[in-house]
$ cat upload-v7.txt   # compact mmCIF, C-alpha atoms and all ligand atoms
# COMPACT_ATOMS: atom_id res chain seq x y z
CA MET A 73 92.84 -121.98 22.46
CA LYS A 74 91.49 -118.53 23.04
CA ASP A 75 88.52 -117.16 21.13
CA SER A 76 88.00 -113.56 19.97
CA PHE A 77 86.41 -112.68 23.32
CA GLY A 78 89.25 -114.02 25.45
CA ARG A 79 87.52 -117.23 26.51
CA ILE A 80 89.78 -120.24 26.92
CA ILE A 81 88.42 -123.21 24.97
CA ASP A 82 89.61 -126.45 26.52
CA TYR A 83 86.57 -128.70 26.18
CA LEU A 84 85.49 -130.59 23.05
CA ARG A 85 82.25 -132.51 22.73
CA ILE A 86 82.46 -135.19 20.08
CA SER A 87 79.32 -136.68 18.64
CA LEU A 88 80.13 -140.21 17.53
CA THR A 89 76.93 -140.96 15.66
CA ASP A 90 73.61 -139.45 14.65
CA ARG A 91 71.86 -142.73 15.44
CA CYS A 92 69.90 -143.23 18.64
CA ASN A 93 67.74 -146.06 19.92
CA PHE A 94 65.46 -143.47 21.54
CA HIS A 95 63.65 -140.65 19.78
CA CYS A 96 63.14 -138.13 22.55
CA LEU A 97 60.36 -135.66 21.83
CA TYR A 98 62.55 -132.61 22.36
CA CYS A 99 65.59 -133.95 20.56
CA MET A 100 64.30 -135.33 17.29
CA PRO A 101 61.44 -134.27 15.02
CA PRO A 102 58.45 -136.64 15.18
CA GLU A 103 59.13 -138.01 11.71
CA GLY A 104 62.69 -138.93 12.79
CA ILE A 105 65.85 -137.77 11.07
CA LYS A 106 67.39 -138.69 7.76
CA LEU A 107 70.28 -140.90 8.77
CA ILE A 108 73.76 -140.01 7.61
CA PRO A 109 75.34 -142.73 5.44
CA HIS A 110 77.97 -144.68 7.39
CA LYS A 111 80.78 -143.66 5.06
CA GLU A 112 80.22 -140.00 5.99
CA ILE A 113 80.75 -140.69 9.69
CA LEU A 114 84.24 -140.18 11.05
CA THR A 115 86.19 -143.34 11.73
CA PHE A 116 87.85 -143.77 15.14
CA GLU A 117 91.22 -143.20 13.49
CA GLU A 118 89.94 -139.85 12.16
CA VAL A 119 88.49 -138.87 15.54
CA TYR A 120 91.84 -139.71 17.11
CA ILE A 121 93.80 -137.65 14.56
CA LEU A 122 91.53 -134.66 15.22
CA ALA A 123 91.70 -135.14 18.99
CA LYS A 124 95.49 -135.09 18.79
CA ILE A 125 95.45 -131.81 16.88
CA PHE A 126 92.89 -130.34 19.26
CA SER A 127 94.93 -131.45 22.26
CA GLN A 128 97.97 -129.66 20.90
CA LYS A 129 95.84 -126.54 20.66
CA GLY A 130 94.73 -126.73 24.28
CA ILE A 131 91.78 -129.13 24.48
CA LYS A 132 92.07 -131.05 27.76
CA TYR A 133 88.59 -132.48 28.19
CA ILE A 134 86.60 -134.60 25.77
CA LYS A 135 82.96 -135.59 26.12
CA LEU A 136 81.65 -138.38 23.91
CA THR A 137 78.05 -137.94 22.90
CA GLY A 138 75.69 -138.64 19.99
CA GLY A 139 73.05 -139.75 18.96
CA GLU A 140 73.69 -142.58 21.35
CA PRO A 141 77.47 -143.01 21.60
CA LEU A 142 77.19 -146.57 22.92
CA LEU A 143 75.74 -147.60 19.57
CA ARG A 144 79.23 -147.20 18.12
CA LYS A 145 80.75 -150.66 18.12
CA GLU A 146 84.15 -150.90 19.76
CA ILE A 147 83.74 -147.51 21.45
CA CYS A 148 86.14 -148.74 24.15
CA SER A 149 89.00 -148.87 21.68
CA LEU A 150 88.37 -145.20 20.81
CA ILE A 151 88.29 -144.32 24.51
CA ARG A 152 91.66 -146.00 24.97
CA MET A 153 93.06 -144.15 21.95
CA LEU A 154 91.85 -140.81 23.32
CA ASN A 155 93.24 -141.57 26.76
CA SER A 156 96.64 -142.26 25.25
CA ILE A 157 96.93 -138.58 24.26
CA PRO A 158 98.99 -137.09 27.10
CA GLU A 159 97.31 -133.63 27.01
CA ILE A 160 93.82 -135.11 27.40
CA LYS A 161 92.98 -135.10 31.10
CA GLU A 162 89.46 -136.51 30.97
CA VAL A 163 87.31 -138.46 28.58
CA THR A 164 83.69 -138.45 29.73
CA LEU A 165 80.46 -139.81 28.29
CA THR A 166 76.82 -138.84 27.95
CA THR A 167 74.47 -141.74 27.32
CA ASN A 168 70.80 -142.63 27.53
CA GLY A 169 71.88 -145.53 29.75
CA PHE A 170 70.13 -148.26 27.79
CA PHE A 171 73.30 -150.26 27.07
CA LEU A 172 75.08 -149.48 30.32
CA GLU A 173 74.24 -152.63 32.19
CA LYS A 174 76.36 -154.54 29.69
CA MET A 175 78.95 -151.87 29.05
CA ALA A 176 79.61 -149.92 32.26
CA ASP A 177 82.44 -152.18 33.38
CA LYS A 178 84.18 -152.08 29.99
CA LEU A 179 83.80 -148.30 29.80
CA LYS A 180 85.33 -147.88 33.23
CA LYS A 181 88.24 -150.13 32.32
CA ALA A 182 88.76 -148.26 29.03
CA GLY A 183 89.18 -145.08 31.02
CA ILE A 184 85.91 -143.13 30.97
CA HIS A 185 86.33 -140.70 33.85
CA ARG A 186 82.74 -139.71 34.44
CA ILE A 187 79.36 -140.58 33.09
CA ASN A 188 76.13 -138.64 32.61
CA ILE A 189 72.93 -140.57 32.10
CA SER A 190 69.95 -138.81 30.56
CA LEU A 191 66.70 -139.58 32.35
CA ASP A 192 63.71 -137.25 32.29
CA THR A 193 61.15 -139.27 34.20
CA LEU A 194 60.96 -142.13 36.68
CA ASN A 195 57.56 -143.16 35.40
CA PRO A 196 57.71 -146.04 32.86
CA VAL A 197 54.63 -144.88 30.95
CA LYS A 198 55.87 -141.32 30.69
CA PHE A 199 59.31 -142.63 29.76
CA LYS A 200 57.80 -144.43 26.78
CA LYS A 201 56.06 -141.24 25.75
CA ILE A 202 59.10 -138.98 26.07
CA THR A 203 61.54 -141.36 24.40
CA LYS A 204 58.97 -142.61 21.89
CA SER A 205 58.86 -146.28 22.86
CA GLY A 206 61.93 -146.59 25.07
CA ASP A 207 61.91 -149.01 27.99
CA ILE A 208 62.96 -147.53 31.34
CA LYS A 209 64.00 -150.84 32.96
CA PRO A 210 67.35 -151.26 31.18
CA VAL A 211 68.15 -147.61 31.94
CA LEU A 212 67.52 -148.09 35.66
CA LYS A 213 69.64 -151.25 35.61
CA GLY A 214 72.31 -149.30 33.72
CA ILE A 215 72.38 -146.65 36.43
CA ASP A 216 72.82 -149.31 39.11
CA ARG A 217 75.58 -150.96 37.15
CA ALA A 218 77.42 -147.66 36.61
CA ILE A 219 77.37 -147.13 40.38
CA GLU A 220 78.44 -150.72 41.03
CA VAL A 221 81.50 -150.54 38.79
CA GLY A 222 82.63 -147.42 40.59
CA PHE A 223 81.75 -144.39 38.47
CA SER A 224 81.64 -141.48 40.83
CA PRO A 225 79.71 -139.36 40.68
CA VAL A 226 77.07 -140.81 38.38
CA LYS A 227 75.11 -137.83 37.15
CA LEU A 228 71.61 -137.71 35.79
CA ASN A 229 70.81 -135.23 33.02
CA CYS A 230 67.22 -134.25 33.42
CA VAL A 231 65.33 -131.88 31.11
CA ILE A 232 62.35 -130.52 33.01
CA MET A 233 59.34 -129.53 30.88
CA ARG A 234 56.18 -127.81 32.05
CA GLY A 235 53.22 -130.14 32.23
CA ILE A 236 55.37 -133.14 31.30
CA ASN A 237 57.69 -133.86 34.23
CA ASP A 238 57.76 -130.73 36.41
CA ASP A 239 55.84 -132.76 38.98
CA GLU A 240 58.81 -135.13 39.37
CA ILE A 241 61.50 -132.75 40.64
CA LEU A 242 61.19 -133.96 44.20
CA SER A 243 61.00 -137.61 43.14
CA PHE A 244 64.26 -137.13 41.26
CA ILE A 245 65.88 -135.66 44.35
CA GLU A 246 64.68 -138.57 46.51
CA PHE A 247 65.87 -141.03 43.85
CA ALA A 248 69.28 -139.33 43.79
CA LYS A 249 69.45 -139.48 47.59
CA ILE A 250 68.75 -143.22 47.66
CA LYS A 251 71.15 -144.05 44.85
CA GLY A 252 73.89 -141.54 45.64
CA LEU A 253 73.51 -139.75 42.31
CA GLU A 254 74.00 -136.13 41.34
CA ILE A 255 71.41 -134.37 39.19
CA LYS A 256 71.91 -131.84 36.47
CA PHE A 257 68.67 -130.11 35.62
CA ILE A 258 68.88 -128.88 32.02
CA GLU A 259 66.56 -126.21 30.70
CA LEU A 260 64.74 -127.16 27.55
CA MET A 261 66.41 -125.60 24.53
CA PRO A 262 64.69 -124.68 21.31
CA ALA A 263 65.28 -126.96 18.34
CA LYS A 264 65.02 -126.52 14.60
CA PHE A 265 61.73 -128.36 14.47
CA ASN A 266 60.32 -125.96 17.01
CA ASN A 267 57.47 -125.88 17.83
CA PHE A 268 57.82 -129.28 19.36
CA SER A 269 55.21 -131.84 18.43
CA PHE A 270 54.07 -131.87 22.07
CA GLY A 271 53.82 -128.13 22.62
CA ARG A 272 55.31 -124.70 22.05
CA PHE A 273 58.82 -124.13 23.32
CA GLN A 274 57.78 -121.04 25.28
CA ASP A 275 55.02 -122.99 27.05
CA LEU A 276 57.19 -126.02 27.83
CA LEU A 277 60.21 -124.13 29.11
CA PHE A 278 60.51 -124.63 32.87
CA THR A 279 63.29 -122.40 34.13
CA SER A 280 65.90 -123.12 36.78
CA ASP A 281 64.25 -120.53 39.05
CA GLU A 282 60.96 -122.39 38.77
CA ILE A 283 62.72 -125.66 39.56
CA LYS A 284 64.35 -124.08 42.64
CA GLU A 285 60.91 -122.95 43.87
CA LYS A 286 59.77 -126.58 43.86
CA ILE A 287 62.65 -127.79 46.01
CA PRO A 288 61.71 -127.77 49.70
CA TYR A 289 65.28 -128.18 50.94
CA ARG A 290 67.71 -125.40 51.78
CA MET A 291 70.32 -125.08 49.06
CA LYS A 292 73.92 -124.04 49.45
CA LYS A 293 75.85 -122.85 46.45
CA ARG A 294 78.93 -124.88 45.62
CA LYS A 295 82.11 -123.41 44.26
CA LYS A 296 82.53 -123.86 40.52
CA ILE A 297 82.83 -127.56 39.95
CA GLY A 298 83.79 -129.61 36.95
CA ILE A 299 84.56 -128.24 33.56
CA GLY A 300 81.21 -126.92 32.49
CA PRO A 301 79.08 -123.86 33.20
CA GLU A 302 76.88 -125.70 35.69
CA ASP A 303 75.45 -123.64 38.55
CA ALA A 304 75.98 -126.12 41.38
CA PHE A 305 74.32 -126.53 44.79
CA ILE A 306 74.21 -128.96 47.66
CA LEU A 307 70.85 -129.54 49.32
CA GLU A 308 70.49 -129.87 53.07
CA ASN A 309 69.72 -133.58 52.55
CA GLY A 310 73.15 -133.97 50.98
CA VAL A 311 72.07 -134.31 47.35
CA LYS A 312 74.18 -132.39 44.87
CA ILE A 313 72.32 -130.74 42.07
CA GLY A 314 73.19 -128.35 39.29
CA PHE A 315 71.48 -126.28 36.65
CA ILE A 316 72.27 -125.75 33.01
CA ASP A 317 70.09 -122.74 32.44
CA ALA A 318 71.25 -121.56 29.06
CA ILE A 319 67.92 -119.92 28.33
CA SER A 320 66.98 -118.09 31.52
CA HIS A 321 70.52 -117.32 32.72
CA LYS A 322 72.81 -117.18 29.75
CA PHE A 323 76.35 -118.26 30.62
CA CYS A 324 78.00 -117.62 27.26
CA HIS A 325 80.80 -115.67 28.95
CA LEU A 326 81.78 -118.93 30.69
CA CYS A 327 81.60 -121.09 27.56
CA ASN A 328 84.76 -123.16 27.16
CA ARG A 329 83.63 -125.58 24.50
CA MET A 330 83.34 -126.49 20.86
CA ARG A 331 81.45 -129.32 19.26
CA LEU A 332 82.51 -131.81 16.64
CA SER A 333 79.75 -133.63 14.79
CA SER A 334 79.96 -137.27 13.75
CA THR A 335 80.61 -136.11 10.18
CA GLY A 336 83.44 -133.80 11.17
CA VAL A 337 81.68 -130.44 11.31
CA LEU A 338 83.14 -128.23 14.02
CA THR A 339 80.50 -126.00 15.58
CA PRO A 340 81.59 -123.16 17.82
CA CYS A 341 78.18 -122.58 19.46
CA LEU A 342 75.36 -125.02 20.17
CA MET A 343 72.73 -122.46 19.38
CA SER A 344 73.92 -121.37 15.99
CA SER A 345 74.00 -123.21 12.70
CA VAL A 346 77.50 -122.04 11.78
CA GLY A 347 80.09 -124.79 11.42
CA ILE A 348 83.31 -125.62 9.61
CA ASN A 349 83.71 -128.95 7.88
CA LEU A 350 87.02 -130.48 8.94
CA LYS A 351 86.52 -133.58 6.84
CA LYS A 352 87.66 -131.83 3.72
CA ALA A 353 91.16 -131.73 5.23
CA LEU A 354 90.90 -135.26 6.66
CA ARG A 355 90.11 -137.21 3.51
CA PRO A 356 91.62 -138.73 1.50
CA LYS A 357 94.63 -137.98 3.70
CA PRO A 358 94.80 -135.76 6.78
CA ILE A 359 96.58 -132.45 6.24
CA PRO A 360 97.45 -131.28 9.77
CA GLU A 361 98.31 -127.65 8.82
CA VAL A 362 94.98 -127.20 7.02
CA LEU A 363 93.10 -128.83 9.90
CA ASP A 364 94.82 -126.45 12.26
CA ASP A 365 93.75 -123.47 10.10
CA LEU A 366 90.18 -124.71 9.88
CA ILE A 367 89.98 -125.10 13.65
CA ASN A 368 91.25 -121.53 14.05
CA GLU A 369 88.65 -120.38 11.54
CA ALA A 370 85.87 -122.05 13.55
CA LEU A 371 87.22 -120.51 16.73
CA LEU A 372 86.93 -117.05 15.20
CA LEU A 373 83.30 -117.79 14.43
CA LYS A 374 82.44 -118.40 18.07
CA PRO A 375 79.87 -115.72 18.86
CA LYS A 376 80.03 -113.59 21.97
CA GLU A 377 76.67 -114.98 22.96
CA HIS A 378 73.67 -116.72 21.53
CA THR A 379 70.26 -115.23 21.14
CA ASN A 380 67.43 -117.39 22.35
CA TYR A 381 66.01 -117.36 18.87
CA ASP A 382 68.91 -119.03 17.11
CA PHE A 383 67.38 -122.47 17.11
CA ILE A 384 69.71 -125.40 17.51
CA SER A 385 70.02 -127.01 14.13
CA ASP A 386 70.09 -130.70 15.02
CA MET A 387 70.40 -131.60 18.68
CA SER A 388 70.36 -135.30 17.90
CA LYS A 389 73.32 -134.86 15.53
CA ILE A 390 75.29 -132.28 17.45
CA GLY A 391 74.96 -134.13 20.75
CA GLY A 392 73.64 -131.55 23.21
N1 LIG A 401 72.05 -140.15 23.68
C1 LIG A 401 72.88 -139.50 24.65
C2 LIG A 401 72.06 -139.09 25.86
O1 LIG A 401 70.85 -139.38 25.89
O2 LIG A 401 72.62 -138.51 26.78
C3 LIG A 401 73.68 -138.33 24.13
C4 LIG A 401 73.03 -137.37 23.18
S1 LIG A 401 71.77 -136.33 23.86
C5 LIG A 401 71.46 -135.29 22.46
C6 LIG A 401 72.67 -135.32 24.99
C7 LIG A 401 71.86 -134.50 25.92
O3 LIG A 401 71.16 -133.50 25.19
C8 LIG A 401 70.81 -135.27 26.70
O4 LIG A 401 71.01 -135.12 28.08
C9 LIG A 401 69.50 -134.65 26.28
O5 LIG A 401 68.57 -134.62 27.31
C10 LIG A 401 69.93 -133.27 25.86
N2 LIG A 401 68.99 -132.63 24.94
C11 LIG A 401 68.59 -133.04 23.73
N3 LIG A 401 67.69 -132.17 23.18
C12 LIG A 401 67.53 -131.17 24.09
C13 LIG A 401 66.75 -129.98 24.14
N4 LIG A 401 65.93 -129.63 23.13
N5 LIG A 401 66.86 -129.20 25.23
C14 LIG A 401 67.68 -129.55 26.26
N6 LIG A 401 68.43 -130.65 26.27
C15 LIG A 401 68.36 -131.47 25.20
$ encode --input "upload-v7.txt" --output "structure tokens" --more "lines below"
Ligand code: SAM
Amino acid sequence: MKDSFGRIIDYLRISLTDRCNFHCLYCMPPEGIKLIPHKEILTFEEVYILAKIFSQKGIKYIKLTGGEPLLRKEICSLIRMLNSIPEIKEVTLTTNGFFLEKMADKLKKAGIHRINISLDTLNPVKFKKITKSGDIKPVLKGIDRAIEVGFSPVKLNCVIMRGINDDEILSFIEFAKIKGLEIKFIELMPAKFNNFSFGRFQDLLFTSDEIKEKIPYRMKKRKKIGIGPEDAFILENGVKIGFIDAISHKFCHLCNRMRLSSTGVLTPCLMSSVGINLKKALRPKPIPEVLDDLINEALLLKPKEHTNYDFISDMSKIGG
């Protein structure tokens, strides 16, 4: 798939649910979100039908996200279904790690190629504050288990926020060194409920350049790795890190992705509220030609770039 600006779109992020067992400060409004009724959420069969159509249009990589994707029962059967599509090269997963201790082995066997675990602090008290009551212990055990069952690399997604966890950058690097993890530092992105309950976006934003200043190791740039727009480096201590700095260093020209919400809305850009509802051509019976047209329509809506003031409508629903 090629968009109006010549970018090849080969990566689809699929949010499997709006539900999450954590309520991270920067992801959900303090009052929580109004949950989508179950019947509105795509079934695995529907996700599979869409994935097949997408794959015929050039999607090669699928990332499962949420909400918390591991809250979807029988997720492994969906993973197997997606892996049975010959054009799909990789099915990867982003998770908060809470259920990984139990599930890592099954996920590996079902064919998850790589795993990203979101972790913004190593401090249990701070963890409770950021996730609004989450317990860090199962997440740490989940990380160990993911390593044990052979995921490689296991990557941490870490959103650094000024005054919240910008003092932990080095601790994260040491943690990654000990465990053999990679780290992806993600810049805080604005959300619809901006300002955040814990501060103004502009005050909390801690840019990739500021993060680099805090790293005492020499850094060598790595060639483009993976399928995303990550700016990747290897530190002199051997730890591999990367930056997703969508705010301070826009990388829209490299964007290769679209996002499918758990209710079937296809969004061409994370930072805009435009989306096309595919469900209307899925129910009561899928109409492949109409789905194909709707996907093309969404593709045409993909903007050349985002402005930093188009707030993300619902990070917890769209899946980051
Ligand atoms: N529950 C899963 C998880 O924790 O990875 C998947 C969903 S979560 C929305 C996906 C990613 O989006 C996480 O790494 C999270 O840190 C990131 N995220 C959510 N809100 C964000 C924001 N306002 N700015 C930057 N990243 C955000």
$ residues_near_ligand --input "upload-v7.txt" --ligand "ligand LIG 401 (chain A)" --cutoff "6 Å" --atoms "all atoms listed in the file" --output "VMD selection string"
chain A and resid 98 to 99 137 to 140 166 to 168 189 to 190 229 231 258 to 263 387 to 388 391 to 392
$ atom_distance --input "upload-v7.txt" --atom1 "atom CA of A:Thr379" --atom2 "atom CA of A:Phe257"
20.8 Å
$ residues_around --input "upload-v7.txt" --residues "stretch 349-363 of chain A" --least-positions-apart "5" --cutoff "12 Å" --atoms "all atoms listed in the file" --output "ChimeraX atom specification"
/A:111-115,117-126,128-129,331-340,368-370
$ closest_residue --input "upload-v7.txt" --among "A:Gln274, A:Asn188, A:Thr279, A:Ser344" --to "A:Asp238" --atoms "all atoms listed in the file"
A:Thr279
$ closest_atom_pairs --input "upload-v7.txt" --of "stretch 203-245 of chain A" --to "stretch 82-95 of chain A" --cutoff "10 Å" --atoms "only C-alpha atoms" --output "Markdown table"
| residue | atom | partner | partner_atom | distance |
| --- | --- | --- | --- | --- |
| A:Thr203 | CA | A:His95 | CA | 5.1 |
| A:Lys204 | CA | A:His95 | CA | 5.5 |
| A:Ser205 | CA | A:Phe94 | CA | 7.3 |
| A:Gly206 | CA | A:Phe94 | CA | 5.9 |
| A:Asp207 | CA | A:Phe94 | CA | 9.2 |
$ closest_residue --input "upload-v7.txt" --among "A:Ile367, A:Leu142, A:Ile202, A:Leu154" --to "A:Lys174" --atoms "only C-alpha atoms"
A:Leu142
